[in-house]
Amino acid sequence: MNWTDERVELLKKLWAEGLSASQIATQLGGVSRNAVIGKVHRLKLSGRGRASSATPRPKKTAPSAPKAPRPSRPMTTTIGATALQARFDAQPEAAPAPRLSSVVVPLSRNLKLIELSERTCKWPNGDPLAEEFSFCGNDVGDCGPYCAYHSRVAYQPVAERRRRG
């Protein structure tokens, strides 16, 4: 398809009227929307008229009252992975206290990476860059990488996550 002078003039006229590239391509025939867009850019057609169906947008006004400054957080420097780092600056949510009989925290065997097997818990303890970094190492259940305690921590029911989140 060649861009003849007549087709270019029609393109300019339709573009100035505010038609979309798809509508112009349909009216010209034998040309794609992307070809119309490319030709518009090559011709450097910037100004566009507004379509009659478009309503003018109201201008944004500056807020009358100044916003209150955000509370600043204390600066902390952290080296290494922070995925397991505890957040102490956040306020804990008021969750119901669990019954003491249902929460039994097992003693960790503190295994190193090379000591892990398919039957040991792979819950990380501490900072991976620290010398004393280890894994839980307790026996795992039927499936999954964690012992019963860490499975309850890692895999929470959907209803529980929605209530907290």
# chains A, B, ... in the order shown; residues from 1 in each chain; ligands from 1
>>> residues_around(residues="Cys136 (chain A)", least_positions_apart="5", cutoff="8 Å", atoms="only C-alpha atoms", output="PyMOL selection string")
chain A and resi 108-111+120-125
>>> residues_around(residues="Glu9 (chain A)", least_positions_apart="2", cutoff="12 Å", atoms="only C-alpha atoms", output="PyMOL selection string")
chain A and resi 3-7+11-16+24+28+39-40+43+45
>>> write_last_selection(atoms="all heavy atoms", output="short mmCIF file (atom, residue, chain, number, x, y, z; two decimals), in the first residue's frame")
data_model
loop_
_atom_site.label_atom_id
_atom_site.label_comp_id
_atom_site.auth_asym_id
_atom_site.auth_seq_id
_atom_site.Cartn_x
_atom_site.Cartn_y
_atom_site.Cartn_z
N TRP A 3 1.31 5.43 0.20
CA TRP A 3 0.67 6.63 0.74
C TRP A 3 0.67 7.68 -0.36
O TRP A 3 1.67 8.33 -0.61
CB TRP A 3 1.42 7.14 1.96
CG TRP A 3 1.18 6.32 3.19
CD1 TRP A 3 2.00 5.37 3.71
CD2 TRP A 3 0.05 6.38 4.04
NE1 TRP A 3 1.45 4.82 4.83
CE2 TRP A 3 0.24 5.43 5.07
CE3 TRP A 3 -1.12 7.13 4.06
CZ2 TRP A 3 -0.68 5.22 6.09
CZ3 TRP A 3 -2.04 6.92 5.07
CH2 TRP A 3 -1.82 5.97 6.07
N THR A 4 -0.46 7.82 -1.02
CA THR A 4 -0.58 8.85 -2.04
C THR A 4 -0.86 10.19 -1.38
O THR A 4 -1.21 10.25 -0.19
CB THR A 4 -1.73 8.51 -3.01
OG1 THR A 4 -2.96 8.49 -2.28
CG2 THR A 4 -1.51 7.17 -3.69
N ASP A 5 -0.71 11.25 -2.14
CA ASP A 5 -0.95 12.59 -1.59
C ASP A 5 -2.39 12.74 -1.11
O ASP A 5 -2.65 13.36 -0.08
CB ASP A 5 -0.65 13.66 -2.65
CG ASP A 5 0.84 13.75 -2.95
OD1 ASP A 5 1.63 13.34 -2.08
OD2 ASP A 5 1.19 14.24 -4.04
N GLU A 6 -3.34 12.13 -1.85
CA GLU A 6 -4.75 12.23 -1.47
C GLU A 6 -4.99 11.50 -0.14
O GLU A 6 -5.70 11.99 0.74
CB GLU A 6 -5.66 11.63 -2.56
CG GLU A 6 -5.66 12.37 -3.87
CD GLU A 6 -4.48 11.95 -4.76
OE1 GLU A 6 -3.99 10.81 -4.62
OE2 GLU A 6 -4.05 12.79 -5.57
N ARG A 7 -4.38 10.31 0.00
CA ARG A 7 -4.56 9.53 1.23
C ARG A 7 -3.91 10.24 2.43
O ARG A 7 -4.44 10.22 3.53
CB ARG A 7 -4.01 8.12 1.06
CG ARG A 7 -4.86 7.29 0.10
CD ARG A 7 -4.21 5.96 -0.21
NE ARG A 7 -4.18 5.04 0.92
CZ ARG A 7 -5.14 4.18 1.23
NH1 ARG A 7 -6.23 4.14 0.50
NH2 ARG A 7 -5.03 3.37 2.25
N LEU A 11 -5.78 11.51 5.68
CA LEU A 11 -5.27 11.12 7.01
C LEU A 11 -5.13 12.35 7.89
O LEU A 11 -5.57 12.35 9.05
CB LEU A 11 -3.92 10.42 6.87
CG LEU A 11 -3.11 10.22 8.15
CD1 LEU A 11 -3.78 9.21 9.07
CD2 LEU A 11 -1.70 9.80 7.84
N LYS A 12 -4.54 13.42 7.37
CA LYS A 12 -4.36 14.65 8.15
C LYS A 12 -5.71 15.23 8.58
O LYS A 12 -5.88 15.66 9.72
CB LYS A 12 -3.59 15.69 7.34
CG LYS A 12 -2.13 15.38 7.16
CD LYS A 12 -1.47 16.46 6.32
CE LYS A 12 -0.01 16.20 6.07
NZ LYS A 12 0.61 17.24 5.24
N LYS A 13 -6.67 15.21 7.65
CA LYS A 13 -7.99 15.77 7.94
C LYS A 13 -8.69 14.95 9.03
O LYS A 13 -9.21 15.50 10.01
CB LYS A 13 -8.84 15.78 6.67
CG LYS A 13 -10.26 16.25 6.86
CD LYS A 13 -11.02 16.16 5.54
CE LYS A 13 -12.50 16.23 5.72
NZ LYS A 13 -13.12 15.00 6.13
N LEU A 14 -8.68 13.62 8.89
CA LEU A 14 -9.34 12.76 9.88
C LEU A 14 -8.64 12.84 11.23
O LEU A 14 -9.29 12.79 12.28
CB LEU A 14 -9.38 11.31 9.37
CG LEU A 14 -10.22 11.08 8.10
CD1 LEU A 14 -10.06 9.65 7.61
CD2 LEU A 14 -11.68 11.41 8.35
N TRP A 15 -7.32 12.93 11.22
CA TRP A 15 -6.55 13.05 12.47
C TRP A 15 -6.90 14.35 13.19
O TRP A 15 -7.08 14.38 14.41
CB TRP A 15 -5.07 12.99 12.16
CG TRP A 15 -4.20 12.99 13.39
CD1 TRP A 15 -3.50 14.03 13.91
CD2 TRP A 15 -3.95 11.88 14.25
NE1 TRP A 15 -2.84 13.67 15.03
CE2 TRP A 15 -3.07 12.33 15.27
CE3 TRP A 15 -4.35 10.55 14.27
CZ2 TRP A 15 -2.61 11.51 16.29
CZ3 TRP A 15 -3.88 9.73 15.28
CH2 TRP A 15 -3.03 10.21 16.28
N ALA A 16 -7.03 15.44 12.44
CA ALA A 16 -7.37 16.73 13.03
C ALA A 16 -8.79 16.73 13.57
O ALA A 16 -9.10 17.45 14.53
CB ALA A 16 -7.21 17.84 11.99
N ILE A 24 -9.56 5.76 11.39
CA ILE A 24 -8.92 6.28 10.18
C ILE A 24 -8.54 5.13 9.26
O ILE A 24 -8.74 5.18 8.04
CB ILE A 24 -7.70 7.15 10.54
CG1 ILE A 24 -8.14 8.40 11.30
CG2 ILE A 24 -6.92 7.53 9.29
CD1 ILE A 24 -7.01 9.21 11.87
N LEU A 28 -9.76 4.67 5.44
CA LEU A 28 -8.81 4.66 4.34
C LEU A 28 -8.86 3.32 3.59
O LEU A 28 -8.73 3.27 2.38
CB LEU A 28 -7.38 4.91 4.84
CG LEU A 28 -7.06 6.31 5.30
CD1 LEU A 28 -5.67 6.37 5.91
CD2 LEU A 28 -7.17 7.29 4.15
N LYS A 39 2.54 6.58 10.26
CA LYS A 39 2.52 7.71 9.32
C LYS A 39 2.28 9.02 10.07
O LYS A 39 2.90 10.05 9.75
CB LYS A 39 1.43 7.49 8.26
CG LYS A 39 1.48 8.47 7.13
CD LYS A 39 2.77 8.31 6.34
CE LYS A 39 2.78 9.20 5.10
NZ LYS A 39 4.04 9.11 4.39
N VAL A 40 1.42 8.99 11.08
CA VAL A 40 1.16 10.19 11.88
C VAL A 40 2.46 10.66 12.55
O VAL A 40 2.77 11.85 12.57
CB VAL A 40 0.05 9.92 12.93
CG1 VAL A 40 0.03 10.98 14.00
CG2 VAL A 40 -1.29 9.80 12.24
N LEU A 43 4.84 12.11 9.96
CA LEU A 43 4.40 13.43 9.53
C LEU A 43 4.46 14.46 10.66
O LEU A 43 4.23 15.63 10.45
CB LEU A 43 2.96 13.35 8.99
CG LEU A 43 2.77 12.57 7.70
CD1 LEU A 43 1.29 12.39 7.40
CD2 LEU A 43 3.48 13.27 6.55
N LEU A 45 2.42 14.88 13.19
CA LEU A 45 1.11 15.48 13.46
C LEU A 45 0.88 15.41 14.96
O LEU A 45 0.67 14.35 15.52
CB LEU A 45 0.00 14.72 12.71
CG LEU A 45 0.11 14.67 11.19
CD1 LEU A 45 -1.02 13.83 10.63
CD2 LEU A 45 0.08 16.07 10.63
#
>>> residues_around(residues="Pro106 (chain A)", least_positions_apart="5", cutoff="12 Å", atoms="only C-alpha atoms", output="NGL selection string")
:A and (121 or 123 or 136-139 or 147-150)
>>> write_last_selection(atoms="C-alpha atoms", output="JSON list (two decimals), in the first residue's frame")
[["chain", "number", "residue", "atom", "x", "y", "z"],
["A", 121, "CYS", "CA", 12.84, -29.60, 58.65],
["A", 123, "TRP", "CA", 13.05, -23.90, 58.48],
["A", 136, "CYS", "CA", 15.45, -26.47, 62.44],
["A", 137, "GLY", "CA", 16.30, -30.07, 61.55],
["A", 138, "ASN", "CA", 13.38, -31.78, 63.32],
["A", 139, "ASP", "CA", 11.57, -34.66, 61.61],
["A", 147, "CYS", "CA", 8.11, -30.07, 60.78],
["A", 148, "ALA", "CA", 4.57, -29.92, 62.18],
["A", 149, "TYR", "CA", 5.19, -26.67, 64.09],
["A", 150, "HIS", "CA", 6.81, -24.78, 61.21]]
>>> atom_distance(atom1="CA of Phe135 (chain A)", atom2="CA of Leu113 (chain A)")
7.2 Å
